[in-house]
Structures are given as structure tokens and as C-alpha cells.
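> See target-v8.cif below, with mmCIF, C-alpha atoms.
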data_query
loop_
_atom_site.group_PDB
_atom_site.id
_atom_site.type_symbol
_atom_site.label_atom_id
_atom_site.label_comp_id
_atom_site.auth_asym_id
_atom_site.auth_seq_id
_atom_site.Cartn_x
_atom_site.Cartn_y
_atom_site.Cartn_z
ATOM 1 C CA MET A 1 0.000 0.000 0.000
ATOM 2 C CA ARG A 2 1.268 3.445 -0.923
ATOM 3 C CA LEU A 3 0.715 6.283 1.529
ATOM 4 C CA SER A 4 0.691 9.926 0.545
ATOM 5 C CA LYS A 5 2.376 12.611 2.593
ATOM 6 C CA PHE A 6 0.899 12.960 6.088
ATOM 7 C CA PRO A 7 2.120 16.403 7.262
ATOM 8 C CA ALA A 8 -0.544 18.153 5.168
ATOM 9 C CA VAL A 9 -3.251 16.124 6.923
ATOM 10 C CA LEU A 10 -2.486 17.151 10.508
ATOM 11 C CA PRO A 11 -3.392 20.848 10.129
ATOM 12 C CA LEU A 12 -6.651 19.777 8.496
ATOM 13 C CA LEU A 13 -7.464 17.498 11.410
ATOM 14 C CA THR A 14 -6.591 20.178 13.939
ATOM 15 C CA GLY A 15 -8.740 22.893 12.394
ATOM 16 C CA LEU A 16 -11.649 20.547 11.826
ATOM 17 C CA ALA A 17 -11.624 19.202 15.348
ATOM 18 C CA PHE A 18 -11.840 22.658 16.873
ATOM 19 C CA ALA A 19 -14.694 23.476 14.507
ATOM 20 C CA LEU A 20 -16.591 20.380 15.618
ATOM 21 C CA LEU A 21 -16.005 20.928 19.318
ATOM 22 C CA THR A 22 -19.036 23.138 19.792
ATOM 23 C CA SER A 23 -19.728 21.946 23.321
ATOM 24 C CA THR A 24 -17.448 21.015 26.159
ATOM 25 C CA ALA A 25 -17.656 17.565 27.631
ATOM 26 C CA ARG A 26 -18.585 17.545 31.281
ATOM 27 C CA ALA A 27 -15.253 16.061 32.287
ATOM 28 C CA GLU A 28 -12.708 16.260 35.030
ATOM 29 C CA ILE A 29 -9.332 15.902 33.327
ATOM 30 C CA ILE A 30 -6.370 14.298 35.076
ATOM 31 C CA ARG A 31 -3.261 15.326 33.172
ATOM 32 C CA ASP A 32 -0.023 13.440 32.592
ATOM 33 C CA VAL A 33 -0.750 10.118 34.289
ATOM 34 C CA ILE A 34 2.515 8.181 33.968
ATOM 35 C CA TYR A 35 2.083 4.668 32.563
ATOM 36 C CA GLY A 36 5.774 3.896 32.013
ATOM 37 C CA HIS A 37 9.245 5.194 31.227
ATOM 38 C CA LYS A 38 11.716 4.804 28.363
ATOM 39 C CA ASP A 39 14.925 6.537 27.327
ATOM 40 C CA GLY A 40 14.740 8.564 30.534
ATOM 41 C CA LEU A 41 11.313 9.928 29.549
ATOM 42 C CA ALA A 42 7.953 9.554 31.271
ATOM 43 C CA MET A 43 5.241 8.055 29.065
ATOM 44 C CA VAL A 44 1.903 9.672 29.851
ATOM 45 C CA MET A 45 -1.825 9.714 29.208
ATOM 46 C CA ASP A 46 -4.633 12.071 30.184
ATOM 47 C CA VAL A 47 -7.810 10.766 31.805
ATOM 48 C CA TYR A 48 -11.182 12.375 31.064
ATOM 49 C CA GLN A 49 -13.624 11.420 33.817
ATOM 50 C CA PRO A 50 -17.350 12.214 33.562
ATOM 51 C CA SER A 51 -18.357 14.826 36.114
ATOM 52 C CA GLY A 52 -21.925 13.499 35.851
ATOM 53 C CA ASP A 53 -23.078 9.904 36.081
ATOM 54 C CA ALA A 54 -20.276 7.524 35.112
ATOM 55 C CA ASN A 55 -21.318 4.171 33.640
ATOM 56 C CA GLY A 56 -18.334 2.144 34.871
ATOM 57 C CA ALA A 57 -16.894 1.636 31.382
ATOM 58 C CA GLY A 58 -13.874 3.205 29.701
ATOM 59 C CA VAL A 59 -12.412 3.883 26.275
ATOM 60 C CA ALA A 60 -8.668 3.950 25.639
ATOM 61 C CA TYR A 61 -8.186 6.398 22.768
ATOM 62 C CA MET A 62 -4.998 6.177 20.730
ATOM 63 C CA ILE A 63 -3.529 9.641 20.123
ATOM 64 C CA SER A 64 -1.740 8.813 16.881
ATOM 65 C CA GLY A 65 -1.671 10.010 13.290
ATOM 66 C CA GLY A 66 1.140 8.885 11.012
ATOM 67 C CA TRP A 67 2.388 7.335 14.293
ATOM 68 C CA MET A 68 3.047 10.852 15.508
ATOM 69 C CA SER A 69 1.658 11.559 18.954
ATOM 70 C CA GLY A 70 1.449 14.651 21.129
ATOM 71 C CA ILE A 71 -0.764 17.074 22.979
ATOM 72 C CA ARG A 72 -1.574 19.110 19.847
ATOM 73 C CA MET A 73 -2.930 16.024 18.149
ATOM 74 C CA GLN A 74 -4.861 15.135 21.288
ATOM 75 C CA GLN A 75 -6.535 18.549 21.186
ATOM 76 C CA ALA A 76 -7.519 17.807 17.589
ATOM 77 C CA TYR A 77 -9.148 14.537 18.606
ATOM 78 C CA GLU A 78 -10.950 15.840 21.699
ATOM 79 C CA SER A 79 -14.135 16.342 19.712
ATOM 80 C CA MET A 80 -14.374 12.535 19.606
ATOM 81 C CA PHE A 81 -14.351 12.377 23.417
ATOM 82 C CA VAL A 82 -17.363 14.647 23.965
ATOM 83 C CA PRO A 83 -20.165 12.141 23.240
ATOM 84 C CA LEU A 84 -18.307 9.407 25.114
ATOM 85 C CA VAL A 85 -17.770 11.418 28.292
ATOM 86 C CA ASP A 86 -21.275 12.844 28.138
ATOM 87 C CA ALA A 87 -22.597 9.256 27.964
ATOM 88 C CA GLY A 88 -20.670 8.336 31.113
ATOM 89 C CA TYR A 89 -17.508 6.768 29.688
ATOM 90 C CA THR A 90 -14.085 7.506 31.144
ATOM 91 C CA VAL A 91 -11.648 8.247 28.309
ATOM 92 C CA PHE A 92 -7.950 7.417 28.573
ATOM 93 C CA ALA A 93 -6.112 9.519 25.969
ATOM 94 C CA ILE A 94 -2.901 7.562 25.386
ATOM 95 C CA ARG A 95 0.152 9.238 23.866
ATOM 96 C CA HIS A 96 3.047 7.107 22.646
ATOM 97 C CA GLY A 97 6.647 7.792 21.689
ATOM 98 C CA SER A 98 6.295 9.882 18.546
ATOM 99 C CA SER A 99 7.673 9.678 15.051
ATOM 100 C CA PRO A 100 10.215 10.663 13.794
ATOM 101 C CA ARG A 101 12.223 9.650 16.854
ATOM 102 C CA TYR A 102 10.374 6.371 17.312
ATOM 103 C CA PHE A 103 9.057 3.831 14.827
ATOM 104 C CA VAL A 104 5.879 1.769 14.542
ATOM 105 C CA PRO A 105 7.127 -1.156 16.688
ATOM 106 C CA GLU A 106 8.001 1.283 19.503
ATOM 107 C CA ALA A 107 4.606 2.981 19.229
ATOM 108 C CA TRP A 108 2.938 -0.425 19.479
ATOM 109 C CA ALA A 109 5.041 -1.382 22.521
ATOM 110 C CA ASP A 110 4.080 1.886 24.222
ATOM 111 C CA VAL A 111 0.321 1.577 23.750
ATOM 112 C CA SER A 112 0.440 -2.077 24.728
ATOM 113 C CA GLN A 113 2.108 -1.121 27.997
ATOM 114 C CA ALA A 114 -0.364 1.715 28.449
ATOM 115 C CA PHE A 115 -3.397 -0.519 28.005
ATOM 116 C CA GLN A 116 -2.109 -3.004 30.558
ATOM 117 C CA PHE A 117 -1.590 -0.086 32.940
ATOM 118 C CA VAL A 118 -5.155 1.100 32.345
ATOM 119 C CA GLY A 119 -6.481 -2.374 33.097
ATOM 120 C CA ASP A 120 -4.403 -2.688 36.264
ATOM 121 C CA HIS A 121 -5.502 0.737 37.553
ATOM 122 C CA ALA A 122 -9.052 0.862 36.184
ATOM 123 C CA ALA A 123 -10.654 0.611 39.618
ATOM 124 C CA GLU A 124 -8.893 3.818 40.667
ATOM 125 C CA TYR A 125 -11.009 5.590 38.045
ATOM 126 C CA ASP A 126 -14.221 3.675 38.889
ATOM 127 C CA VAL A 127 -13.907 1.664 35.678
ATOM 128 C CA ASP A 128 -14.489 -2.077 35.307
ATOM 129 C CA PRO A 129 -11.320 -3.535 33.697
ATOM 130 C CA ASN A 130 -13.541 -5.909 31.721
ATOM 131 C CA ARG A 131 -15.478 -2.991 30.182
ATOM 132 C CA ILE A 132 -12.756 -1.030 28.390
ATOM 133 C CA GLY A 133 -12.859 -0.403 24.654
ATOM 134 C CA VAL A 134 -10.229 1.031 22.332
ATOM 135 C CA SER A 135 -10.455 3.446 19.435
ATOM 136 C CA GLY A 136 -8.342 5.630 17.199
ATOM 137 C CA ILE A 137 -8.053 7.248 13.798
ATOM 138 C CA SER A 138 -5.631 6.183 11.038
ATOM 139 C CA ALA A 139 -2.424 5.127 12.816
ATOM 140 C CA GLY A 140 -4.525 5.219 15.980
ATOM 141 C CA GLY A 141 -6.927 2.808 14.296
ATOM 142 C CA HIS A 142 -3.994 0.531 13.463
ATOM 143 C CA LEU A 143 -2.851 0.558 17.090
ATOM 144 C CA SER A 144 -6.413 -0.051 18.287
ATOM 145 C CA LEU A 145 -6.643 -3.148 16.106
ATOM 146 C CA MET A 146 -3.290 -4.366 17.397
ATOM 147 C CA LEU A 147 -4.570 -4.016 20.968
ATOM 148 C CA GLY A 148 -7.751 -5.853 20.131
ATOM 149 C CA LEU A 149 -6.275 -8.700 18.103
ATOM 150 C CA TYR A 150 -2.784 -9.371 19.476
ATOM 151 C CA THR A 151 -2.152 -11.491 22.555
ATOM 152 C CA ASP A 152 0.893 -13.113 24.114
ATOM 153 C CA ASP A 153 1.887 -14.486 27.511
ATOM 154 C CA ASN A 154 2.126 -10.952 28.919
ATOM 155 C CA THR A 155 -1.427 -10.010 27.935
ATOM 156 C CA LYS A 156 -3.431 -9.723 31.132
ATOM 157 C CA HIS A 157 -6.055 -7.251 29.884
ATOM 158 C CA ARG A 158 -7.753 -7.178 26.485
ATOM 159 C CA PRO A 159 -10.151 -4.621 25.063
ATOM 160 C CA ALA A 160 -13.802 -5.610 25.255
ATOM 161 C CA ALA A 161 -14.573 -3.811 21.973
ATOM 162 C CA VAL A 162 -12.729 -1.986 19.188
ATOM 163 C CA VAL A 163 -13.691 0.929 16.937
ATOM 164 C CA ALA A 164 -11.028 1.560 14.290
ATOM 165 C CA TYR A 165 -11.298 4.480 11.890
ATOM 166 C CA MET A 166 -9.549 4.185 8.494
ATOM 167 C CA PRO A 167 -6.786 1.869 9.816
ATOM 168 C CA PRO A 168 -3.735 0.559 7.949
ATOM 169 C CA VAL A 169 -3.937 -3.193 8.572
ATOM 170 C CA ASP A 170 -0.878 -4.678 6.845
ATOM 171 C CA ILE A 171 2.492 -3.027 7.495
ATOM 172 C CA ARG A 172 4.482 -5.666 5.619
ATOM 173 C CA SER A 173 4.382 -3.799 2.316
ATOM 174 C CA MET A 174 5.028 -0.436 3.947
ATOM 175 C CA ALA A 175 8.071 -0.882 6.200
ATOM 176 C CA GLY A 176 11.446 0.393 5.049
ATOM 177 C CA PRO A 177 12.948 3.724 3.958
ATOM 178 C CA ASN A 178 10.181 6.307 3.894
ATOM 179 C CA ASP A 179 10.605 10.083 3.698
ATOM 180 C CA ASN A 180 6.904 10.820 4.129
ATOM 181 C CA PHE A 181 6.292 8.572 7.140
ATOM 182 C CA PRO A 182 9.513 8.225 9.186
ATOM 183 C CA ALA A 183 7.780 5.815 11.588
ATOM 184 C CA LEU A 184 7.840 3.202 8.820
ATOM 185 C CA ASN A 185 11.611 3.404 8.419
ATOM 186 C CA PHE A 186 12.364 0.202 10.320
ATOM 187 C CA ASP A 187 13.564 -3.281 9.424
ATOM 188 C CA PRO A 188 10.815 -4.964 7.342
ATOM 189 C CA ILE A 189 11.511 -8.227 9.139
ATOM 190 C CA LEU A 190 9.607 -6.715 12.096
ATOM 191 C CA ALA A 191 6.569 -5.728 10.031
ATOM 192 C CA PRO A 192 4.511 -8.929 10.463
ATOM 193 C CA GLY A 193 4.622 -8.368 14.222
ATOM 194 C CA VAL A 194 2.852 -5.004 13.871
ATOM 195 C CA SER A 195 0.355 -6.001 11.163
ATOM 196 C CA PRO A 196 -3.058 -6.577 12.774
ATOM 197 C CA ILE A 197 -4.302 -8.596 9.786
ATOM 198 C CA GLU A 198 -1.848 -11.286 10.959
ATOM 199 C CA PHE A 199 -3.508 -11.744 14.366
ATOM 200 C CA VAL A 200 -7.209 -12.280 13.690
ATOM 201 C CA SER A 201 -8.637 -15.181 15.716
ATOM 202 C CA SER A 202 -12.022 -16.387 16.895
ATOM 203 C CA ASP A 203 -11.633 -14.962 20.416
ATOM 204 C CA ASP A 204 -11.125 -11.362 19.255
ATOM 205 C CA PRO A 205 -13.413 -8.620 20.623
ATOM 206 C CA PRO A 206 -16.311 -7.126 18.659
ATOM 207 C CA THR A 207 -14.800 -4.771 16.087
ATOM 208 C CA LEU A 208 -16.320 -1.867 14.188
ATOM 209 C CA LEU A 209 -14.492 -0.460 11.163
ATOM 210 C CA VAL A 210 -15.274 3.011 9.801
ATOM 211 C CA HIS A 211 -13.800 4.197 6.500
ATOM 212 C CA GLY A 212 -14.456 6.776 3.811
ATOM 213 C CA ASP A 213 -14.701 5.405 0.290
ATOM 214 C CA ALA A 214 -12.715 8.370 -1.103
ATOM 215 C CA ASP A 215 -9.732 7.818 1.204
ATOM 216 C CA GLU A 216 -6.569 8.045 -0.906
ATOM 217 C CA LEU A 217 -4.146 8.049 2.025
ATOM 218 C CA VAL A 218 -5.251 4.736 3.543
ATOM 219 C CA PRO A 219 -7.470 3.104 0.901
ATOM 220 C CA ILE A 220 -10.745 1.529 2.013
ATOM 221 C CA ALA A 221 -9.379 -1.862 0.878
ATOM 222 C CA ASN A 222 -7.623 -1.986 4.272
ATOM 223 C CA SER A 223 -10.909 -2.145 6.159
ATOM 224 C CA GLU A 224 -12.429 -4.454 3.554
ATOM 225 C CA ARG A 225 -9.593 -6.934 4.080
ATOM 226 C CA MET A 226 -9.911 -6.675 7.833
ATOM 227 C CA GLN A 227 -13.654 -7.250 7.811
ATOM 228 C CA ALA A 228 -13.225 -10.293 5.567
ATOM 229 C CA ALA A 229 -10.697 -11.748 8.006
ATOM 230 C CA LEU A 230 -12.946 -11.034 11.010
ATOM 231 C CA LYS A 231 -15.911 -12.668 9.289
ATOM 232 C CA ALA A 232 -13.850 -15.727 8.376
ATOM 233 C CA ALA A 233 -12.817 -16.103 12.023
ATOM 234 C CA GLY A 234 -16.378 -15.681 13.279
ATOM 235 C CA VAL A 235 -15.660 -12.425 15.121
ATOM 236 C CA LYS A 236 -18.576 -10.046 15.702
ATOM 237 C CA ASN A 237 -17.983 -7.067 13.422
ATOM 238 C CA ASP A 238 -19.551 -4.247 11.471
ATOM 239 C CA PHE A 239 -18.296 -1.908 8.762
ATOM 240 C CA LEU A 240 -19.561 1.627 8.251
ATOM 241 C CA VAL A 241 -18.663 3.225 4.913
ATOM 242 C CA ILE A 242 -18.862 7.019 4.732
ATOM 243 C CA PRO A 243 -19.629 7.872 1.066
ATOM 244 C CA GLY A 244 -17.322 10.461 -0.508
ATOM 245 C CA ALA A 245 -15.233 10.884 2.650
ATOM 246 C CA PRO A 246 -11.450 11.326 2.310
ATOM 247 C CA HIS A 247 -8.894 10.621 5.017
ATOM 248 C CA GLY A 248 -9.295 12.540 8.276
ATOM 249 C CA LEU A 249 -12.041 13.414 10.713
ATOM 250 C CA PHE A 250 -15.393 13.078 8.996
ATOM 251 C CA GLN A 251 -17.364 16.237 8.287
ATOM 252 C CA GLY A 252 -21.050 17.094 8.224
ATOM 253 C CA GLU A 253 -23.524 14.232 8.094
ATOM 254 C CA GLY A 254 -20.681 11.736 7.714
ATOM 255 C CA GLY A 255 -19.151 12.992 10.947
ATOM 256 C CA LYS A 256 -22.460 12.576 12.762
ATOM 257 C CA ARG A 257 -22.829 9.019 11.469
ATOM 258 C CA ALA A 258 -19.275 8.130 12.479
ATOM 259 C CA ALA A 259 -19.692 9.577 15.983
ATOM 260 C CA SER A 260 -23.036 7.861 16.437
ATOM 261 C CA ALA A 261 -21.561 4.538 15.347
ATOM 262 C CA LEU A 262 -18.659 4.917 17.797
ATOM 263 C CA LEU A 263 -20.964 5.513 20.738
ATOM 264 C CA GLY A 264 -23.471 2.893 19.642
ATOM 265 C CA TRP A 265 -20.829 0.184 19.300
ATOM 266 C CA PHE A 266 -19.505 0.769 22.782
ATOM 267 C CA GLU A 267 -22.995 0.966 24.278
ATOM 268 C CA GLU A 268 -23.776 -2.393 22.659
ATOM 269 C CA ASN A 269 -20.553 -4.176 23.555
ATOM 270 C CA LEU A 270 -19.140 -2.723 26.794
#
What is this file in C-alpha cells?


Amino acid sequence: MRLSKFPAVLPLLTGLAFALLTSTARAEIIRDVIYGHKDGLAMVMDVYQPSGDANGAGVAYMISGGWMSGIRMQQAYESMFVPLVDAGYTVFAIRHGSSPRYFVPEAWADVSQAFQFVGDHAAEYDVDPNRIGVSGISAGGHLSLMLGLYTDDNTKHRPAAVVAYMPPVDIRSMAGPNDNFPALNFDPILAPGVSPIEFVSSDDPPTLLVHGDADELVPIANSERMQAALKAAGVKNDFLVIPGAPHGLFQGEGGKRAASALLGWFEENL
């Protein structure tokens, strides 16, 4: 799969998110919760707790686009948190080691550690560790699928549901020298280990895929392949196609449908 340049997409996401954030979620925000350390740095997340009636469930949201991660991107994605927090979900906004310093395998290792931390400490936030979903956009969708589908001997906590927006699903054809996406500039021999299409199995959590059919950055074929694999394995799944939508946060009626599907999937499965 060929990816176009990402840097032009981030300003679009940022401006659009602020335009969509017309109301403020009734949340108490706990900043910079440390979930681990690496290279002498603290790895952190922010926790958005409902100030109204909490429902005991949580959503771990992957702050990632082009496997870049940071507070500016989190601000762009906050519009996605509003309906979740207002419905009583606690949102864990997880930031990982960012490209260009770190690569996809490091980003995956970070969010994996973060999710285990969330599960271990869920009770401190009045969240049931068995009722935590994951979601993200683009690279965040890729990492969400990895969290939902991958397990090993160190996996104590698994997501109860996944919502992945426009996710790359097979990194094997993408890894290697890449000027546009530095996070992909790693040894291709590691690519199968960060390709969620490789880890589909019958015990995977319910998974919703959302993709625009005009996406030229991450073509809709990614979600089509993933849904086919989930169906073949007998995993509960659904696939929402947003007609005419390119890559990025969905606008207008498409944005409303995508947000409604996100909330509906978690209400049904958490």
C-alpha cells in the first residue's frame, strides 16, 4: 500500500476538530498520568472522567496520526471524546513515543504497555477492567486493532470492543525507507509483528471499522480486508462506509454518522 504525505493532513485534522467541538464535555481531566518510562522519559496519558453519572466503562483512545503523537494532536481529537464522556464513559487519551524519533514497533510497545496499565488501575477511576474499549483514527486505528487482536503471555487485559477508523492493517508492504512517514523506516523483518491482519482469531473482541470510500491516504481496501478476516474467524464485526469521505475526521452528516456509530458500538458491547 502506498501512503501519501501525512504532514498536510495534521493541520486539516486540527482545524476541523476545533470546529466540531461546539460543546465542552462535562469532564474532570487528570493530566499526565505516567504509565511507564523509556529513554529517561515519562510516558503519559490524560484521563477524562465524567463529572456526571459515570457508567463504569472506559475507552482507551490512541492519540496517533502517522504514528506521531502529542498534545496538539490530542486537542484535535478531543471532539471525539465529547459524546463518550457525556454518555458516562471515562476516556484514557494515550500518547506514545512519537515519530520521527520512534518507529511503529516502539509505538505499538508503548500503547500495549499503556493498556495493561489502564487495566491494572481501572478501579482507581471507577472503571471495570472488563469494560474497556479502544479506538483511534488512522495510525490510531492501526494501534487499536493491534490491541484488540494481538495477545501473548504478557497479555493480562484485552479490550472488550474496538472501533477503528480508516486503519492501515498490513504493514508488511510499507516498512522500510520512507521520507513521508519516518515511523515506517524500520527493518521490514519486524513488520509482520505489527500487522493486525496477521492476528485475527475467533476470540477477538467485537470490532467496528469506519472508512471513507474516497480515502486516498489509507485506501478503504484496508478495512475491507480486515472485515473479511474477522468474518472468516467468526468475530462479531460491522463496517460503516462514509460515502465520498477522504482521510481525516469526517465532516457534516458523515461525521455525525461516524460519531453515532462509535458511541453505539460501545454501548452495545461494553

> Can you list, as a list in words, the residues that the PyMOL selection byres ((chain A and resi 117-134) around 8) selects here?

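Applied to this file, the PyMOL selection byres ((chain A and resi 117-134) around 8) selects Tyr35, Gln49, Gly56, Ala57, Gly58, Val59, Ala60, Tyr61, Met62, Thr90, Phe92, Gln113, Ala114, Phe115, Gln116, Ser135, Gly136, Ser144, Leu147, Gly148, His157, Arg158, Pro159, Ala160, Ala161, Val162, Val163, Phe266 and Leu270 of chain A.
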
> Would you kindly identify which residues have an atom no farther than 12 Å from (14.4, -5.2, 9.9), using all atoms listed in the file and the file's own coordinates, and write them out as a list in words?

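All residues meeting the 12 Å criterion around (14.4, -5.2, 9.9) are Phe103, Val104, Pro105, Arg172, Ala175, Gly176, Pro177, Leu184, Asn185, Phe186, Asp187, Pro188, Ile189, Leu190, Ala191, Pro192 and Gly193 of chain A.
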
> Here is a test: counting only C-alpha atoms, which residue of A:Asp32, A:Glu216, A:Asp204, A:Glu198 is nearest to Lys231 in chain A?

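Smallest distance to Lys231 in chain A is found for A:Asp204.
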
> Tell me which of A:Ala183, A:Ile63, A:Met43, A:Ile197 sits closest to Leu230 in chain A, counting all atoms listed in the file.

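Under the stated criterion, the closest residue is A:Ile197.
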
> What separation in Å, quoted to one decimal, exists between CA of Gly66 in chain A and CA of Asp153 in chain A?

28.6 Å

> Counting all atoms listed in the file, which residues have an atom no more than 9 Å from (-6.7, 0.8, 9.3) in the file's coordinates? Please list them as number ranges by chain.

A: 137-143, 145, 164-170, 196, 209-211, 218-220, 222-223, 226

> Neighbouring residues of Ser99 in chain A were defined as those with any atom within 7 Å, considering all atoms listed in the file; residues of the same chain fewer than 5 positions away were excluded. Please report them as a list in words.

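Here the answer would be Trp67, Met68, Pro182 and Ala183 of chain A.
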
> Take CA of Asp110 in chain A and CA of Gly36 in chain A and report the distance between them in Å, one decimal.

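Spanning CA of Asp110 in chain A to CA of Gly36 in chain A is a straight-line distance of 8.2 Å.
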